Amino acid sequence: MGSRQNRRFDALVLGGGIAGLEAALNLAEQNFAVAVVEKDASIGGKMIRLSKVFPTLDCSSCITTPKMAAAAHHPNIALFTYCEMQTLERRGEDLVAGILQKSRYVDVEKCIGCRQCEYQCPVLVPDAEQGGFAARKAIYIPFSNAIPQKALIDTDNCILCGRCAKVCPTQAVNYFEQPEEFHLTAAAAVIATGFEAIPLEDKVQYGQGRIPNVITALQMERLLAPHGPYNRVLRPYDGMEPDSIAFIQCAGSRDQSLGVPYCSRVCCMYAIKEAMLLSGALPLADIAIYYMDIRAFGKGYEQFYQTAQAMGVNFVKGKAAYLDPGENGAVRVRYESQEATGGVQVAEHDLVVLSLGLVPAWDPQGRCLLSTGGDKFIKTVKPKTAPTLTDLEGVFVAGAAAGPKDIVDSIAEAGAAAMEASRYLSKQ
Amino acid sequence: MPDKTVENEAGKEALKKLRATRKDQIAAATSRVKEQRREVKAIKESLADSELTVPELAAATGLPVDQVLWYVATLKKYGEILEGPKAGSYFRYRLGQPPAGEPEAEQESTN
């Protein structure tokens with residue numbers, strides 16, 4: 001754990017998701033001192049929030065947790081969680097990052113992660129880590145395998161009743177903690193800030209999040225996860241086990257009206273993966289995927305697609321135009337069929353999953369001189385021959401920060417970015 | 001930073017001042033907590049002598065069905081509600097025991 005002081009490192013990694021951790025571990029193994037700056041209260045990024053990964057169907061947290069633990073325990077890595085990088089500027093041979101340590105209101109050196117504070121807290125708050133389908137408390141540890149296992153207080157919902165402070169066995173709660181600014185200096189940096197899903201509210205035709213039982217693919221990941229909100233797949237509207245589930249592909253991607261003309265590359269495969277997991281969890285359920293094209297380009301992906309077809313997943317070629325609420329929590333899908341019958345068709349499903357596309361999670365504008373492309377992802381100056389190079393000397397990019405990509409490509413690119421950074425550092 | 005634990009006098013005074021600066025947030029959150037307590041109490045009372053599905057609980061308490069499921073998922077997480085057998089497409093739920101050290105929600109006071 002890094003102390004909040006101005007410190008010098010060889011390399012700075014912005015983002016503690018799978019790409020950032022992979023880059024940090026690669027550099028640390030080469031004896032470079034690395035600082036990982038993560039905006040969330042835990043490292044692990046999107047991957048730790050997934051149920052399983054395609055096309056191997058390996059347990060996602062089983063793969064991610066060892067990487068998180070390896071980074072947390074590595075003698076050459078310092079983690080700075082719940083921190084925002086506000087500025088990054090070059091001063092001679094140094095890169096200087098201005099960091100804001102957000103207030104946890106819990107002393108991380110004292111907190112032992114016992115959760116006594118959480119049990120005592122009387123306030124229930126929708127838990128974003130569970131897709132909003134269950135509650136957390138106003139003082140909480142983000143999720144069960146979070147690293148660090150340290151509590152934090154959500155001041156928007158805290159009623160300052162004092163119960164958490166009284167019950168804490170190590171007196172770790174500090175209601176008066178203030179945000180703290182400090183600097184980290186390094187010679188090289190790797191930007192691994194990842195992605196966010198396109199906001200559900202942006203698509204009027206799909207109900208803007210207001211139609212019951214229309215959920216996002218990341219919410220479905222939580223329903224499928226063993227430690228999800230219901231510990232099984234239920235409709236969030238009424239707790240019914242759904243008999244008919246549909247996936248809407250290209251929900252936001254390849255959509256000029258949302259300013260996202262590009263293909264997000266992972267939606268076809270994650271929808272197929274979730275459909276396969278659903279057929280295991282709910283063997284009698286009908287599962288349909290409404291798609292324009294299936295893009296199964298990676299190693300083993302085409303076979304994965306064919307296996308899903310063989311398992312009975314119904315692939316419906318057609319673009320979903322509108323979603324409407326139906327009877328008893330059902331969702332009506334109005335789509336333009338591109339199959340033999342053609343024309344506008346209407347189908348009803350118990351639960352609809354939107355395969356939302358990917359947009360960048362971080363905008364460098366106003367923080368540093370890194371350029372972005374027309375898609376707003378970090379611009380790479382040699383996309384064919386050196387895809388991790390940015391237009392800022394000594395700053396490299398890895399993973400979905402440079403554009404939508406899957407876990408395999410993110411890890412490969414993180415290794416490449418670490419090697420570029422290593423080569424750069426060796427020349428210093 | 002001076003030691004400001006809630007146990008000593010200086011800490012209590014500082015906490016009072018902090019409460020004053022966050023007055024509006026605390027009032028809104030406290031109002032939500034009171035409503036949550038009423039709703040949780042209604043759900044627990046309905047489950048006192050029967051196992052019910054989420055729609056049955058919604059009918060018994062008069063709460064929106066999705067809100068009942070949210071509470072059920074939360075209380076299940078903290079061990080206060082247990083999942084029972086399936087009834088058609090729904091699962092039944094019954095009361096469980098809260099984890100050691102966790103007070104009953106209705107016994108708590110805010111300030």
# chains A, B, ... in the order shown; residues from 1 in each chain; ligands from 1
>>> closest_atom_pairs(of="chain A", to="chain B", cutoff="6 Å", atoms="only C-alpha atoms", output="CSV")
residue,atom,partner,partner_atom,distance
A:Tyr119,CA,B:Glu102,CA,5.3
A:Gln120,CA,B:Glu102,CA,5.6
A:Val123,CA,B:Val33,CA,5.7
A:Phe133,CA,B:Trp70,CA,5.9
A:Ala134,CA,B:Thr74,CA,5.1
A:Ala135,CA,B:Thr74,CA,5.4
A:Asn157,CA,B:Ala29,CA,5.4
A:Ile159,CA,B:Ile26,CA,4.8
A:Cys161,CA,B:Asn111,CA,5.7
A:Pro229,CA,B:Ala73,CA,6.0
A:Tyr230,CA,B:Ala73,CA,5.7
A:Tyr237,CA,B:Asp66,CA,4.7
A:Asp238,CA,B:Asp66,CA,5.3
A:Met240,CA,B:Tyr90,CA,5.0
A:Glu241,CA,B:Ser89,CA,5.3
>>> residues_around(residues="A:Ile141", least_positions_apart="2", cutoff="12 Å", atoms="only C-alpha atoms", output="PyMOL selection string")
chain A and resi 40-42+104+106+108+111-119+127+129+136-139+143-154
>>> select_by_dssp(residues="chain B", states="strand (DSSP E or B)", output="list in words")
Leu52, Ile81, Leu82, Glu83, Gly84, Pro85, Lys86, Ala87, Tyr90, Phe91, Arg92, Tyr93, Arg94 and Leu95 of chain B
>>> write_last_selection(atoms="N, CA, C and O atoms", output="PDB file, in the first residue's frame")
ATOM      1  N   LEU B  52     -43.371 -16.741   1.839  1.00  0.00           N
ATOM      2  CA  LEU B  52     -44.079 -16.051   0.754  1.00  0.00           C
ATOM      3  C   LEU B  52     -43.149 -15.793  -0.431  1.00  0.00           C
ATOM      4  O   LEU B  52     -41.932 -15.684  -0.261  1.00  0.00           O
ATOM      5  N   ILE B  81     -33.099 -13.084   5.857  1.00  0.00           N
ATOM      6  CA  ILE B  81     -34.144 -13.809   5.122  1.00  0.00           C
ATOM      7  C   ILE B  81     -33.465 -14.986   4.436  1.00  0.00           C
ATOM      8  O   ILE B  81     -32.330 -14.859   3.955  1.00  0.00           O
ATOM      9  N   LEU B  82     -34.153 -16.109   4.402  1.00  0.00           N
ATOM     10  CA  LEU B  82     -33.611 -17.303   3.745  1.00  0.00           C
ATOM     11  C   LEU B  82     -34.511 -17.700   2.576  1.00  0.00           C
ATOM     12  O   LEU B  82     -35.725 -17.482   2.625  1.00  0.00           O
ATOM     13  N   GLU B  83     -33.877 -18.267   1.563  1.00  0.00           N
ATOM     14  CA  GLU B  83     -34.653 -18.723   0.408  1.00  0.00           C
ATOM     15  C   GLU B  83     -35.270 -20.083   0.736  1.00  0.00           C
ATOM     16  O   GLU B  83     -34.606 -20.964   1.272  1.00  0.00           O
ATOM     17  N   GLY B  84     -36.537 -20.244   0.405  1.00  0.00           N
ATOM     18  CA  GLY B  84     -37.236 -21.508   0.633  1.00  0.00           C
ATOM     19  C   GLY B  84     -37.446 -22.254  -0.670  1.00  0.00           C
ATOM     20  O   GLY B  84     -36.745 -21.995  -1.654  1.00  0.00           O
ATOM     21  N   PRO B  85     -38.411 -23.150  -0.710  1.00  0.00           N
ATOM     22  CA  PRO B  85     -38.647 -23.924  -1.926  1.00  0.00           C
ATOM     23  C   PRO B  85     -39.295 -23.076  -3.030  1.00  0.00           C
ATOM     24  O   PRO B  85     -39.805 -21.983  -2.769  1.00  0.00           O
ATOM     25  N   LYS B  86     -39.278 -23.614  -4.233  1.00  0.00           N
ATOM     26  CA  LYS B  86     -39.836 -22.909  -5.376  1.00  0.00           C
ATOM     27  C   LYS B  86     -41.356 -23.123  -5.426  1.00  0.00           C
ATOM     28  O   LYS B  86     -41.839 -24.210  -5.093  1.00  0.00           O
ATOM     29  N   ALA B  87     -42.076 -22.074  -5.833  1.00  0.00           N
ATOM     30  CA  ALA B  87     -43.526 -22.183  -6.027  1.00  0.00           C
ATOM     31  C   ALA B  87     -43.822 -21.667  -7.427  1.00  0.00           C
ATOM     32  O   ALA B  87     -43.860 -20.460  -7.638  1.00  0.00           O
ATOM     33  N   TYR B  90     -41.579 -18.807  -9.000  1.00  0.00           N
ATOM     34  CA  TYR B  90     -41.047 -17.946  -7.937  1.00  0.00           C
ATOM     35  C   TYR B  90     -40.476 -18.774  -6.791  1.00  0.00           C
ATOM     36  O   TYR B  90     -40.859 -19.925  -6.613  1.00  0.00           O
ATOM     37  N   PHE B  91     -39.608 -18.156  -6.031  1.00  0.00           N
ATOM     38  CA  PHE B  91     -39.095 -18.806  -4.824  1.00  0.00           C
ATOM     39  C   PHE B  91     -39.817 -18.226  -3.602  1.00  0.00           C
ATOM     40  O   PHE B  91     -40.206 -17.052  -3.610  1.00  0.00           O
ATOM     41  N   ARG B  92     -39.987 -19.068  -2.606  1.00  0.00           N
ATOM     42  CA  ARG B  92     -40.561 -18.585  -1.348  1.00  0.00           C
ATOM     43  C   ARG B  92     -39.416 -18.145  -0.426  1.00  0.00           C
ATOM     44  O   ARG B  92     -38.309 -18.665  -0.527  1.00  0.00           O
ATOM     45  N   TYR B  93     -39.710 -17.220   0.444  1.00  0.00           N
ATOM     46  CA  TYR B  93     -38.699 -16.722   1.395  1.00  0.00           C
ATOM     47  C   TYR B  93     -39.252 -16.812   2.811  1.00  0.00           C
ATOM     48  O   TYR B  93     -40.455 -16.699   3.028  1.00  0.00           O
ATOM     49  N   ARG B  94     -38.328 -17.057   3.755  1.00  0.00           N
ATOM     50  CA  ARG B  94     -38.719 -17.114   5.171  1.00  0.00           C
ATOM     51  C   ARG B  94     -37.699 -16.341   6.004  1.00  0.00           C
ATOM     52  O   ARG B  94     -36.603 -16.029   5.514  1.00  0.00           O
ATOM     53  N   LEU B  95     -38.063 -16.068   7.241  1.00  0.00           N
ATOM     54  CA  LEU B  95     -37.159 -15.311   8.112  1.00  0.00           C
ATOM     55  C   LEU B  95     -35.960 -16.163   8.516  1.00  0.00           C
ATOM     56  O   LEU B  95     -36.104 -17.360   8.752  1.00  0.00           O
TER      57      LEU B  95
END
>>> residues_around(residues="A:Glu22", least_positions_apart="4", cutoff="7 Å", atoms="only C-alpha atoms", output="ChimeraX atom specification")
/A:18,26,411,414-415
>>> atom_distance(atom1="atom CA of A:Glu420", atom2="atom CA of A:Asp94")
16.7 Å
>>> closest_residue(among="A:Asp324, A:Glu336, A:Asp391, A:Glu196", to="A:Asp363", atoms="only C-alpha atoms")
A:Glu196
>>> atom_distance(atom1="atom CA of A:Ala400", atom2="atom CA of A:Thr372")
12.9 Å
>>> residues_around(residues="A:Lys376", least_positions_apart="2", cutoff="12 Å", atoms="only C-alpha atoms", output="short mmCIF file (atom, residue, chain, number, x, y, z; two decimals) with all heavy atoms, in the first residue's frame")
data_model
loop_
_atom_site.label_atom_id
_atom_site.label_comp_id
_atom_site.auth_asym_id
_atom_site.auth_seq_id
_atom_site.Cartn_x
_atom_site.Cartn_y
_atom_site.Cartn_z
N PHE A 195 -12.68 1.10 -20.06
CA PHE A 195 -13.91 1.52 -20.76
C PHE A 195 -15.06 1.65 -19.79
O PHE A 195 -15.02 1.17 -18.66
CB PHE A 195 -14.27 0.50 -21.84
CG PHE A 195 -14.76 -0.82 -21.27
CD1 PHE A 195 -16.11 -1.03 -21.03
CD2 PHE A 195 -13.88 -1.84 -20.95
CE1 PHE A 195 -16.56 -2.23 -20.48
CE2 PHE A 195 -14.33 -3.04 -20.41
CZ PHE A 195 -15.67 -3.23 -20.17
N GLY A 259 -23.38 8.77 -31.59
CA GLY A 259 -21.98 9.18 -31.76
C GLY A 259 -21.01 8.03 -31.57
O GLY A 259 -19.85 8.23 -31.22
N VAL A 260 -21.51 6.80 -31.73
CA VAL A 260 -20.66 5.62 -31.58
C VAL A 260 -20.75 4.80 -32.87
O VAL A 260 -21.44 3.78 -32.94
CB VAL A 260 -21.09 4.76 -30.36
CG1 VAL A 260 -20.13 3.59 -30.14
CG2 VAL A 260 -21.15 5.61 -29.11
N PRO A 261 -20.05 5.23 -33.92
CA PRO A 261 -20.19 4.54 -35.19
C PRO A 261 -19.41 3.22 -35.26
O PRO A 261 -19.64 2.41 -36.16
CB PRO A 261 -19.62 5.54 -36.19
CG PRO A 261 -18.65 6.35 -35.40
CD PRO A 261 -19.20 6.42 -34.01
N TYR A 262 -18.51 3.01 -34.30
CA TYR A 262 -17.63 1.84 -34.38
C TYR A 262 -18.26 0.59 -33.76
O TYR A 262 -19.21 0.68 -32.97
CB TYR A 262 -16.30 2.14 -33.68
CG TYR A 262 -16.44 2.67 -32.26
CD1 TYR A 262 -16.58 1.81 -31.18
CD2 TYR A 262 -16.42 4.05 -32.00
CE1 TYR A 262 -16.72 2.28 -29.89
CE2 TYR A 262 -16.57 4.53 -30.70
CZ TYR A 262 -16.71 3.65 -29.66
OH TYR A 262 -16.86 4.12 -28.38
N LEU A 358 -18.97 -0.03 -25.97
CA LEU A 358 -17.94 0.48 -25.08
C LEU A 358 -17.54 1.91 -25.45
O LEU A 358 -17.35 2.20 -26.64
CB LEU A 358 -16.69 -0.41 -25.16
CG LEU A 358 -16.63 -1.69 -24.32
CD1 LEU A 358 -17.88 -2.53 -24.43
CD2 LEU A 358 -15.40 -2.50 -24.68
N VAL A 359 -17.40 2.74 -24.45
CA VAL A 359 -16.86 4.10 -24.65
C VAL A 359 -15.70 4.28 -23.66
O VAL A 359 -15.61 3.56 -22.68
CB VAL A 359 -17.94 5.19 -24.43
CG1 VAL A 359 -18.96 5.20 -25.54
CG2 VAL A 359 -18.62 5.03 -23.07
N PRO A 360 -14.79 5.24 -23.94
CA PRO A 360 -13.65 5.39 -23.04
C PRO A 360 -14.08 5.83 -21.64
O PRO A 360 -15.02 6.60 -21.48
CB PRO A 360 -12.79 6.47 -23.70
CG PRO A 360 -13.60 7.07 -24.78
CD PRO A 360 -14.72 6.15 -25.11
N ALA A 361 -13.35 5.33 -20.63
CA ALA A 361 -13.69 5.65 -19.24
C ALA A 361 -12.99 6.93 -18.78
O ALA A 361 -13.34 7.47 -17.74
CB ALA A 361 -13.28 4.50 -18.33
N TRP A 362 -12.02 7.40 -19.55
CA TRP A 362 -11.21 8.53 -19.08
C TRP A 362 -10.91 9.47 -20.23
O TRP A 362 -10.60 9.01 -21.33
CB TRP A 362 -9.89 7.99 -18.49
CG TRP A 362 -9.00 9.00 -17.86
CD1 TRP A 362 -9.21 9.66 -16.68
CD2 TRP A 362 -7.74 9.49 -18.36
NE1 TRP A 362 -8.17 10.50 -16.41
CE2 TRP A 362 -7.24 10.42 -17.42
CE3 TRP A 362 -6.98 9.21 -19.49
CZ2 TRP A 362 -6.03 11.08 -17.59
CZ3 TRP A 362 -5.76 9.88 -19.68
CH2 TRP A 362 -5.30 10.80 -18.72
N ASP A 363 -11.06 10.75 -19.96
CA ASP A 363 -10.77 11.76 -20.98
C ASP A 363 -9.56 12.57 -20.53
O ASP A 363 -9.60 13.21 -19.47
CB ASP A 363 -11.99 12.69 -21.13
CG ASP A 363 -11.79 13.72 -22.23
OD1 ASP A 363 -10.71 13.74 -22.85
OD2 ASP A 363 -12.71 14.52 -22.46
N PRO A 364 -8.47 12.53 -21.32
CA PRO A 364 -7.27 13.25 -20.88
C PRO A 364 -7.40 14.77 -20.98
O PRO A 364 -6.56 15.49 -20.42
CB PRO A 364 -6.19 12.74 -21.83
CG PRO A 364 -6.92 12.27 -23.04
CD PRO A 364 -8.27 11.81 -22.58
N GLN A 365 -8.44 15.25 -21.67
CA GLN A 365 -8.53 16.69 -21.90
C GLN A 365 -8.56 17.46 -20.56
O GLN A 365 -9.32 17.12 -19.66
CB GLN A 365 -9.79 17.02 -22.69
CG GLN A 365 -9.73 18.41 -23.28
CD GLN A 365 -10.89 18.70 -24.21
OE1 GLN A 365 -11.90 18.00 -24.22
NE2 GLN A 365 -10.76 19.75 -24.99
N LEU A 370 -2.16 14.34 -23.81
CA LEU A 370 -2.42 13.17 -24.65
C LEU A 370 -3.56 13.46 -25.60
O LEU A 370 -4.59 14.02 -25.21
CB LEU A 370 -2.85 11.99 -23.76
CG LEU A 370 -1.77 11.10 -23.13
CD1 LEU A 370 -2.44 10.06 -22.25
CD2 LEU A 370 -0.95 10.42 -24.22
N SER A 371 -3.41 13.02 -26.85
CA SER A 371 -4.47 13.23 -27.83
C SER A 371 -5.40 12.04 -27.87
O SER A 371 -5.01 10.91 -27.56
CB SER A 371 -3.88 13.43 -29.23
OG SER A 371 -3.02 14.53 -29.23
N THR A 372 -6.62 12.30 -28.27
CA THR A 372 -7.58 11.21 -28.49
C THR A 372 -7.95 11.19 -29.97
O THR A 372 -7.82 12.19 -30.68
CB THR A 372 -8.84 11.39 -27.64
OG1 THR A 372 -9.38 12.69 -27.89
CG2 THR A 372 -8.54 11.26 -26.16
N GLY A 373 -8.45 10.03 -30.42
CA GLY A 373 -8.88 9.91 -31.79
C GLY A 373 -10.32 10.37 -31.96
O GLY A 373 -10.94 10.86 -31.00
N GLY A 374 -10.86 10.18 -33.17
CA GLY A 374 -12.24 10.57 -33.44
C GLY A 374 -13.23 9.79 -32.59
O GLY A 374 -14.34 10.25 -32.31
N ILE A 378 -7.78 6.90 -26.52
CA ILE A 378 -6.43 7.47 -26.60
C ILE A 378 -5.85 7.19 -27.99
O ILE A 378 -5.90 6.06 -28.49
CB ILE A 378 -5.51 6.86 -25.52
CG1 ILE A 378 -6.09 7.07 -24.12
CG2 ILE A 378 -4.09 7.42 -25.63
CD1 ILE A 378 -6.13 8.48 -23.63
N LYS A 379 -5.27 8.23 -28.58
CA LYS A 379 -4.72 8.10 -29.93
C LYS A 379 -3.37 7.39 -29.88
O LYS A 379 -2.53 7.71 -29.03
CB LYS A 379 -4.55 9.50 -30.52
CG LYS A 379 -4.11 9.52 -31.96
CD LYS A 379 -4.00 10.95 -32.43
CE LYS A 379 -3.46 11.02 -33.83
NZ LYS A 379 -3.30 12.42 -34.25
N THR A 380 -3.19 6.44 -30.77
CA THR A 380 -1.89 5.78 -30.87
C THR A 380 -1.23 6.25 -32.17
O THR A 380 -1.88 6.34 -33.21
CB THR A 380 -2.05 4.24 -30.88
OG1 THR A 380 -2.99 3.87 -31.88
CG2 THR A 380 -2.54 3.74 -29.54
N ALA A 400 -8.37 -1.36 -23.17
CA ALA A 400 -9.50 -0.66 -23.77
C ALA A 400 -9.38 0.86 -23.74
O ALA A 400 -10.20 1.55 -24.33
CB ALA A 400 -10.79 -1.09 -23.07
N ALA A 401 -8.35 1.39 -23.07
CA ALA A 401 -8.13 2.84 -23.11
C ALA A 401 -7.83 3.30 -24.53
O ALA A 401 -8.13 4.43 -24.91
CB ALA A 401 -6.97 3.22 -22.19
N ALA A 402 -7.24 2.38 -25.34
CA ALA A 402 -6.87 2.74 -26.72
C ALA A 402 -7.98 2.38 -27.70
O ALA A 402 -7.91 2.76 -28.88
CB ALA A 402 -5.58 2.03 -27.11
N GLY A 403 -8.98 1.67 -27.27
CA GLY A 403 -10.07 1.26 -28.15
C GLY A 403 -10.68 -0.04 -27.63
O GLY A 403 -10.02 -0.77 -26.89
N PRO A 404 -11.93 -0.34 -28.02
CA PRO A 404 -12.57 -1.55 -27.50
C PRO A 404 -11.75 -2.79 -27.81
O PRO A 404 -11.28 -2.95 -28.94
CB PRO A 404 -13.91 -1.58 -28.24
CG PRO A 404 -14.14 -0.19 -28.69
CD PRO A 404 -12.79 0.39 -28.95
#
>>> atom_distance(atom1="atom CA of A:Cys121", atom2="atom CA of A:Gly45")
26.6 Å
>>> residues_around(residues="A:Val352", least_positions_apart="3", cutoff="10 Å", atoms="only C-alpha atoms", output="list in words")
Ile211, Pro212, Asn213, Val214, Ile215, Thr216, Ala217, Met220, Arg235, Ser244, Ile245, Ala246, Phe247, Ile248, Ile287, Ala288, Ile289, Leu323, Ala330, Val331, Arg332, Val333, Glu348, His349 and Ser355 of chain A
>>> write_last_selection(atoms="N, CA and C atoms", output="compact mmCIF listing (two decimals), in the first residue's frame")
# COMPACT_ATOMS: atom_id res chain seq x y z
N ILE A 211 -37.84 0.81 -18.65
CA ILE A 211 -38.71 -0.35 -18.89
C ILE A 211 -38.30 -1.46 -17.92
N PRO A 212 -39.23 -1.96 -17.10
CA PRO A 212 -38.87 -3.03 -16.17
C PRO A 212 -38.35 -4.25 -16.93
N ASN A 213 -37.37 -4.89 -16.37
CA ASN A 213 -36.79 -6.12 -16.94
C ASN A 213 -36.02 -5.90 -18.24
N VAL A 214 -35.60 -4.67 -18.49
CA VAL A 214 -34.59 -4.41 -19.53
C VAL A 214 -33.31 -4.07 -18.76
N ILE A 215 -32.32 -4.92 -18.87
CA ILE A 215 -31.10 -4.73 -18.08
C ILE A 215 -29.88 -4.68 -19.02
N THR A 216 -28.74 -4.33 -18.46
CA THR A 216 -27.52 -4.28 -19.26
C THR A 216 -26.78 -5.62 -19.14
N ALA A 217 -25.86 -5.84 -20.05
CA ALA A 217 -25.08 -7.09 -20.01
C ALA A 217 -24.23 -7.16 -18.75
N MET A 220 -26.40 -8.39 -16.13
CA MET A 220 -26.58 -9.84 -16.29
C MET A 220 -25.37 -10.61 -15.75
N ARG A 235 -35.82 -12.31 -12.45
CA ARG A 235 -36.16 -11.00 -13.03
C ARG A 235 -36.13 -9.94 -11.94
N SER A 244 -38.03 -16.83 -20.85
CA SER A 244 -37.65 -16.37 -22.18
C SER A 244 -36.77 -15.12 -22.03
N ILE A 245 -35.56 -15.23 -22.53
CA ILE A 245 -34.59 -14.13 -22.38
C ILE A 245 -34.05 -13.74 -23.75
N ALA A 246 -33.96 -12.45 -24.00
CA ALA A 246 -33.44 -11.99 -25.30
C ALA A 246 -32.25 -11.05 -25.10
N PHE A 247 -31.31 -11.14 -26.01
CA PHE A 247 -30.18 -10.20 -26.04
C PHE A 247 -30.35 -9.31 -27.27
N ILE A 248 -30.15 -8.02 -27.10
CA ILE A 248 -30.21 -7.08 -28.21
C ILE A 248 -28.78 -6.64 -28.52
N ILE A 287 -33.74 -18.84 -25.18
CA ILE A 287 -32.80 -17.72 -25.23
C ILE A 287 -32.60 -17.29 -26.68
N ALA A 288 -32.83 -16.01 -26.96
CA ALA A 288 -32.69 -15.49 -28.33
C ALA A 288 -31.66 -14.36 -28.33
N ILE A 289 -30.91 -14.28 -29.42
CA ILE A 289 -29.97 -13.17 -29.62
C ILE A 289 -30.34 -12.47 -30.92
N LEU A 323 -38.24 -1.12 -27.91
CA LEU A 323 -38.66 -1.98 -26.81
C LEU A 323 -39.82 -1.30 -26.10
N ALA A 330 -43.35 -8.40 -18.84
CA ALA A 330 -42.70 -8.83 -20.08
C ALA A 330 -42.22 -7.61 -20.88
N VAL A 331 -41.35 -7.86 -21.84
CA VAL A 331 -40.83 -6.79 -22.70
C VAL A 331 -41.12 -7.16 -24.15
N ARG A 332 -41.74 -6.22 -24.87
CA ARG A 332 -42.01 -6.45 -26.30
C ARG A 332 -40.84 -5.92 -27.12
N VAL A 333 -40.33 -6.78 -28.01
CA VAL A 333 -39.23 -6.38 -28.89
C VAL A 333 -39.79 -6.24 -30.30
N GLU A 348 -42.22 -11.24 -27.62
CA GLU A 348 -42.29 -10.86 -26.21
C GLU A 348 -41.36 -11.76 -25.40
N HIS A 349 -40.63 -11.15 -24.46
CA HIS A 349 -39.68 -11.90 -23.63
C HIS A 349 -39.85 -11.50 -22.17
N SER A 355 -26.90 -5.49 -25.09
CA SER A 355 -25.45 -5.64 -25.27
C SER A 355 -24.87 -4.28 -25.61
>>> residues_around(residues="stretch 265-267 of chain A", least_positions_apart="6", cutoff="8 Å", atoms="only C-alpha atoms", output="list in words")
Gln249, Cys250, Arg295, Ser355, Leu356, Gly357, Pro404, Lys405 and Asp406 of chain A
>>> write_last_selection(atoms="N, CA, C and O atoms", output="PDB file, in the first residue's frame")
ATOM      1  N   GLN A 249     -28.287  -7.041 -29.659  1.00  0.00           N
ATOM      2  CA  GLN A 249     -26.906  -6.704 -30.043  1.00  0.00           C
ATOM      3  C   GLN A 249     -26.817  -5.300 -30.631  1.00  0.00           C
ATOM      4  O   GLN A 249     -27.823  -4.741 -31.083  1.00  0.00           O
ATOM      5  N   CYS A 250     -25.598  -4.800 -30.645  1.00  0.00           N
ATOM      6  CA  CYS A 250     -25.323  -3.453 -31.172  1.00  0.00           C
ATOM      7  C   CYS A 250     -26.223  -2.405 -30.508  1.00  0.00           C
ATOM      8  O   CYS A 250     -26.732  -1.496 -31.161  1.00  0.00           O
ATOM      9  N   ARG A 295     -19.723 -11.249 -34.865  1.00  0.00           N
ATOM     10  CA  ARG A 295     -18.290 -11.028 -35.117  1.00  0.00           C
ATOM     11  C   ARG A 295     -17.480 -11.874 -34.134  1.00  0.00           C
ATOM     12  O   ARG A 295     -17.233 -11.454 -33.014  1.00  0.00           O
ATOM     13  N   SER A 355     -26.897  -5.487 -25.093  1.00  0.00           N
ATOM     14  CA  SER A 355     -25.450  -5.645 -25.266  1.00  0.00           C
ATOM     15  C   SER A 355     -24.868  -4.278 -25.612  1.00  0.00           C
ATOM     16  O   SER A 355     -24.672  -3.942 -26.782  1.00  0.00           O
ATOM     17  N   LEU A 356     -24.623  -3.508 -24.562  1.00  0.00           N
ATOM     18  CA  LEU A 356     -24.178  -2.119 -24.751  1.00  0.00           C
ATOM     19  C   LEU A 356     -22.728  -2.078 -25.224  1.00  0.00           C
ATOM     20  O   LEU A 356     -21.900  -2.894 -24.804  1.00  0.00           O
ATOM     21  N   GLY A 357     -22.456  -1.104 -26.067  1.00  0.00           N
ATOM     22  CA  GLY A 357     -21.104  -0.940 -26.580  1.00  0.00           C
ATOM     23  C   GLY A 357     -20.201  -0.267 -25.559  1.00  0.00           C
ATOM     24  O   GLY A 357     -20.601   0.036 -24.423  1.00  0.00           O
ATOM     25  N   PRO A 404     -11.928  -0.337 -28.022  1.00  0.00           N
ATOM     26  CA  PRO A 404     -12.572  -1.546 -27.495  1.00  0.00           C
ATOM     27  C   PRO A 404     -11.753  -2.789 -27.808  1.00  0.00           C
ATOM     28  O   PRO A 404     -11.283  -2.954 -28.942  1.00  0.00           O
ATOM     29  N   LYS A 405     -11.558  -3.630 -26.802  1.00  0.00           N
ATOM     30  CA  LYS A 405     -10.887  -4.910 -27.042  1.00  0.00           C
ATOM     31  C   LYS A 405     -11.212  -5.872 -25.913  1.00  0.00           C
ATOM     32  O   LYS A 405     -11.638  -5.457 -24.835  1.00  0.00           O
ATOM     33  N   ASP A 406     -11.013  -7.161 -26.186  1.00  0.00           N
ATOM     34  CA  ASP A 406     -11.355  -8.168 -25.192  1.00  0.00           C
ATOM     35  C   ASP A 406     -10.207  -8.356 -24.197  1.00  0.00           C
ATOM     36  O   ASP A 406      -9.155  -7.695 -24.290  1.00  0.00           O
TER      37      ASP A 406
END
>>> residues_around(residues="A:Ile63", least_positions_apart="4", cutoff="10 Å", atoms="only C-alpha atoms", output="list in words")
Ile18, Met47, Ile48, Lys52, Val53, Asp58, Cys59, Lys67 and Met68 of chain A
